[in-house]
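What follows is a single structure, written as C-alpha cells, with notes after it.
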Amino acid sequence: MDDRAFRTAAADAAGRLTEHWRALASCDLPVVPPGPPGTTLKALPESAPERGEDLAAILEDTWRTIVPELVHWQHPNFLGYYPTNNSPASVLAELVTAGLGVQGMMWSTSPAATELEQRVCDWLARALDLPARFTHASRQGGGVIQDSASSAVLIAVVAALHRASPGRWREHGTEGRLRVYCTDQANSCVPKAVRVAGAGEPVLVPTAPGTHVMDPAALAERVDADRAAGLLPAAVIATAGTTGTCATDPVPRIGAVCRERGIWLHVDAAYAGSAALCPELREDNAGLDFADSYAVNAHKWMRTGTPCDVLWVADRKDLTDALGSTASYLRGDATDSPEVVDFKDWQIPLGRPMRALKLWYVLRAHGLEELREVIRRDVRLAALLASLVEREPGFHLVAHRFGLVVFRADTDDRTRELTRRLSEEADVLCTPAVVDGRPVLRAALGSPYADETTVRRAWDVIRACAVSAS
C-alpha cells in the first residue's frame with residue numbers, strides 16, 4: 001500500500017466519523033439496530049478474500065454493513081449500563097498508537113511509553129485527590145493502565161493472595177484456605193476474578209439493613225470466624241458506586257477492619273470514581289488512606305475511549321512479587337534499576353500497547369476544567385430525569401446518585417411489561433436490573449450529545465411505553 005492510499009483512506013474515515021457523530025447528536029440514528037440475529041453474518045462472506053481489496057471499498061462496507069447493526073453507545077438516548085465515552089482526541093490518539101505499534105511491556109522495550117504512563121497516572125491521581133502514596137512520585141506505589149476494572153480486580157486479588165500467604169501462593173495456590181470478601185452488590189467481575197485467581201467463590205458479606213452497602217460489623221464478624229476456623233482472609237473488595245444503584249460501601253469503617261486484621265482492601269470505583277475530579281463530589285474518597293489498591297475506568301466518564309482503566313497500588317512490590325517474570329529474554333541492563341518500572345509485572349499479559357497516549361491526549365485536549373464540567377452536566381441531567389420520574393404518577397424513583405437514575409412502575413408486572421416494551425424500542429435503551437428483589441430500570445446519563453431536550457424526549461418514550469403497558 002502506498003502512502004497516498006493510506007492518507008486518503010484515513011481522511012475518508014475521519015470524515016465519516018465526523019458525520020457519524022453529527023448524526024448521533026441530532027438523534028438521526030436509532031440507539032438499537034433493527035436487524036434480527038444473524039443480520040450481519042448473512043451480509044459477510046464465509047471465507048476471507050484471496051486478494052487484497054481497496055481500503056475505500058472496505059470503509060464503504062463498514063458503513064453499509066457494520067455501522068447500521070451496531071448499538072450506538074454514544075447516542076444521547078443510550079441510558080444503559082454505565083456510559084462508555086469517547087472524543088476526537090481519544091480517537092486521534094488511538095490512530096497514532098496503532099500506527100506507532102509500540103510494545104511497552106518493559107521500560108527497555110519503549111522508555112517513553114513507560115515514563116509517559118507513569119506521569120499520566122500521577123496526573124490523574126492528583127486530579128482525583130487520591131492519597132499521595134498511590135503515585136509513582138512516592139517511589140513506593142503507582143498507577144498502571146489496564147483494559148478494564150475486571151483486570152484491575154483480578155490483579156488486586158492476585159497481589160492480595162500472594163501477600164496473605166505470604167508468598168506461598170505462587171508455588172502452592174490458595175490451598176483451599178484463602179478467602180476474599182465482597183457483597184452481592186459488587187460487580188459481576190468480582191466473583192469472576194476471585195474464581196480465576198483460584199480462590200473459589202467470594203464470601204458474601206451482608207449489607208447493612210435498609211441499604212445496599214457492606215455492613216462493617218458483619219465483615220469483622222465473618223473474618224474473625226474464618227480466621228478462627230483456620231482460614232486466611234486475604235482481601236476485601238469494596239465498591240464506590242455499585243452497578244445496581246451507585247451505592248458506595250463505607251470505606252472508612254471497612255478500611256479500619258482490614259487494617260486491624262492485615263487484609264488487603266481494594267476499592268472498585270470504576271464508574272463513580274471519576275466524580276472526584278469535581279471537588280464537591282469527592283465523598284467517595286473518604287477512607288482511601290486505608291486502601292491498598294483503587295481503580296477507575298477513565299473510559300466511562302472522562303471522554304476516553306475503551307479500554308482505559310487506571311489501577312493504583314499503595315505498594316508496587318506486592319504486585320511485582322506476585323506477577324513478576326524473570327526469563328532471560330526479559331532482562332536487560334535496566335531491569336534491576338530502582339529508577340525503572342516494567343509494566344509487564346503489573347498486569348496479566350506479557351505484551352501491552354502504548355496505553356497512556358490516549359489518556360494523555362484527552363487530558364491535554366480537554367483539560368481538567370472541561371472534564372469536570374462534563375461530569376457536572378451529566379449530574380444535572382440525571383437530576384432532571386429523576387425529577388421527571390418523581391412527578392409522574394405510576395412511577396417510583398428507587399435510587400438517584402451522580403449520573404444514575406433507577407426507577408420502576410407502581411407494580412412489578414407493569415415494570416416487567418415496561419421493560420419488555422422498551423426492549424423493542426429502537427430509540428431508547430435502559431438496563432433492567434433487580435433491586436431489593438424487585439424489577440427496576442436503570443438510566444445512566446453520560447453521552448457527549450445528551451442535553452435537557454434529549455432527556456425529556458427519552459422520558460416521553462418511556463412514558464409512552466408505560467401507557468401501552470398498562
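Chain identifiers are assigned as A, B, and so on, following the order in which chains appear in the C-alpha cells; residues are numbered from 1 within each chain, and ligands are numbered from 1 in order of appearance.
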For this session: Can you list, as a ChimeraX atom specification, all residues belonging to stretch 309-425 of chain A that DSSP tags as helix (DSSP H, G or I)?
Result: /A:316-323,328-330,343-346,356-391,412-423
Compile a residue-level contact table for stretch 73-165 of chain A against stretch 432-445 of chain A at a cut-off of 12 Å, reporting for every qualifying residue the shortest atom pair and its distance in Å to one decimal, with only C-alpha atoms counted, rows ordered by chain and ascending number, as a tab-separated table.
residue	atom	partner	partner_atom	distance
A:Trp73	CA	A:Leu445	CA	11.1
A:Gln74	CA	A:Leu445	CA	10.5
A:His75	CA	A:Leu445	CA	10.4
A:Pro76	CA	A:Leu445	CA	8.1
A:Asn77	CA	A:Leu445	CA	8.6
A:Phe78	CA	A:Leu445	CA	8.0
A:Leu79	CA	A:Ala443	CA	4.6
A:Gly80	CA	A:Ala443	CA	5.8
A:Tyr81	CA	A:Ala444	CA	6.7
A:Tyr82	CA	A:Ala444	CA	5.6
A:Pro83	CA	A:Ala444	CA	6.7
A:Thr84	CA	A:Leu445	CA	10.3
A:Asn85	CA	A:Leu445	CA	10.8
Preceding selection exported with N, CA and C atoms as a PDB file, in the first residue's frame:
ATOM      1  N   TRP A  73     -23.456   3.373  21.532  1.00  0.00           N
ATOM      2  CA  TRP A  73     -23.228   3.699  22.940  1.00  0.00           C
ATOM      3  C   TRP A  73     -23.022   5.196  23.176  1.00  0.00           C
ATOM      4  N   GLN A  74     -22.706   5.942  22.145  1.00  0.00           N
ATOM      5  CA  GLN A  74     -22.523   7.389  22.308  1.00  0.00           C
ATOM      6  C   GLN A  74     -23.832   8.159  22.073  1.00  0.00           C
ATOM      7  N   HIS A  75     -24.881   7.460  21.703  1.00  0.00           N
ATOM      8  CA  HIS A  75     -26.171   8.105  21.417  1.00  0.00           C
ATOM      9  C   HIS A  75     -26.717   8.768  22.682  1.00  0.00           C
ATOM     10  N   PRO A  76     -27.322   9.956  22.568  1.00  0.00           N
ATOM     11  CA  PRO A  76     -27.857  10.618  23.759  1.00  0.00           C
ATOM     12  C   PRO A  76     -28.963   9.837  24.462  1.00  0.00           C
ATOM     13  N   ASN A  77     -29.628   8.931  23.750  1.00  0.00           N
ATOM     14  CA  ASN A  77     -30.684   8.133  24.373  1.00  0.00           C
ATOM     15  C   ASN A  77     -30.204   6.733  24.774  1.00  0.00           C
ATOM     16  N   PHE A  78     -28.890   6.532  24.712  1.00  0.00           N
ATOM     17  CA  PHE A  78     -28.336   5.301  25.280  1.00  0.00           C
ATOM     18  C   PHE A  78     -28.152   5.543  26.770  1.00  0.00           C
ATOM     19  N   LEU A  79     -29.020   4.934  27.561  1.00  0.00           N
ATOM     20  CA  LEU A  79     -29.022   5.132  29.009  1.00  0.00           C
ATOM     21  C   LEU A  79     -28.667   3.849  29.748  1.00  0.00           C
ATOM     22  N   GLY A  80     -28.190   2.851  29.038  1.00  0.00           N
ATOM     23  CA  GLY A  80     -27.941   1.543  29.622  1.00  0.00           C
ATOM     24  C   GLY A  80     -26.602   1.448  30.326  1.00  0.00           C
ATOM     25  N   TYR A  81     -26.486   0.424  31.171  1.00  0.00           N
ATOM     26  CA  TYR A  81     -25.239   0.068  31.848  1.00  0.00           C
ATOM     27  C   TYR A  81     -24.647   1.307  32.528  1.00  0.00           C
ATOM     28  N   TYR A  82     -23.426   1.647  32.173  1.00  0.00           N
ATOM     29  CA  TYR A  82     -22.836   2.937  32.534  1.00  0.00           C
ATOM     30  C   TYR A  82     -22.227   3.517  31.266  1.00  0.00           C
ATOM     31  N   PRO A  83     -22.006   4.830  31.218  1.00  0.00           N
ATOM     32  CA  PRO A  83     -21.519   5.412  29.968  1.00  0.00           C
ATOM     33  C   PRO A  83     -20.156   4.860  29.559  1.00  0.00           C
ATOM     34  N   THR A  84     -19.950   4.797  28.260  1.00  0.00           N
ATOM     35  CA  THR A  84     -18.650   4.464  27.682  1.00  0.00           C
ATOM     36  C   THR A  84     -18.318   5.589  26.713  1.00  0.00           C
ATOM     37  N   ASN A  85     -17.499   6.487  27.167  1.00  0.00           N
ATOM     38  CA  ASN A  85     -17.275   7.740  26.447  1.00  0.00           C
ATOM     39  C   ASN A  85     -16.219   7.639  25.357  1.00  0.00           C
TER      40      ASN A  85
END
Exercise. When distances are computed from only C-alpha atoms, which of A:Ser387, A:Thr431, A:Thr18, A:Thr135 shows the smallest separation from A:Glu117?
Worked result: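 Closest candidate: A:Thr135.
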Exercise. With distances taken over only C-alpha atoms, which of A:Val389, A:Arg133, A:Asp249, A:Ile375 is nearest to A:Leu281?
Worked result: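 Of A:Val389, A:Arg133, A:Asp249, A:Ile375, the one nearest A:Leu281, counting only C-alpha atoms, is A:Ile375.
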For this session: Please provide the set of residues having any atom within 7 Å of stretch 453-468 of chain A, restricted to only C-alpha atoms, with same-chain residues fewer than 6 positions apart removed, written as a list in words.
Result: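 Selected residues are Pro76, Asn77, Leu385, Leu418, Arg421, Leu422 and Val428 of chain A.
Ranking A:Trp301, A:Trp360, A:Tyr294, A:Phe6 by their shortest atom-to-atom distance to A:Ala152, with only C-alpha atoms included, puts A:Tyr294 first.
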Exercise. Rounded to one decimal in Å, what is the spacing between atom CA of A:Phe343 and atom CA of A:Val310?
Worked result: 12.7 Å
Exercise. To one decimal place, how far is atom CA of A:Thr243 from atom CA of A:Val157 in Å?
Worked result: 19.7 Å
Exercise. What is the atom CA of A:Asp184 to atom CA of A:His212 distance in Å?
Worked result: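 That distance, rounded to one decimal, is 8.9 Å.
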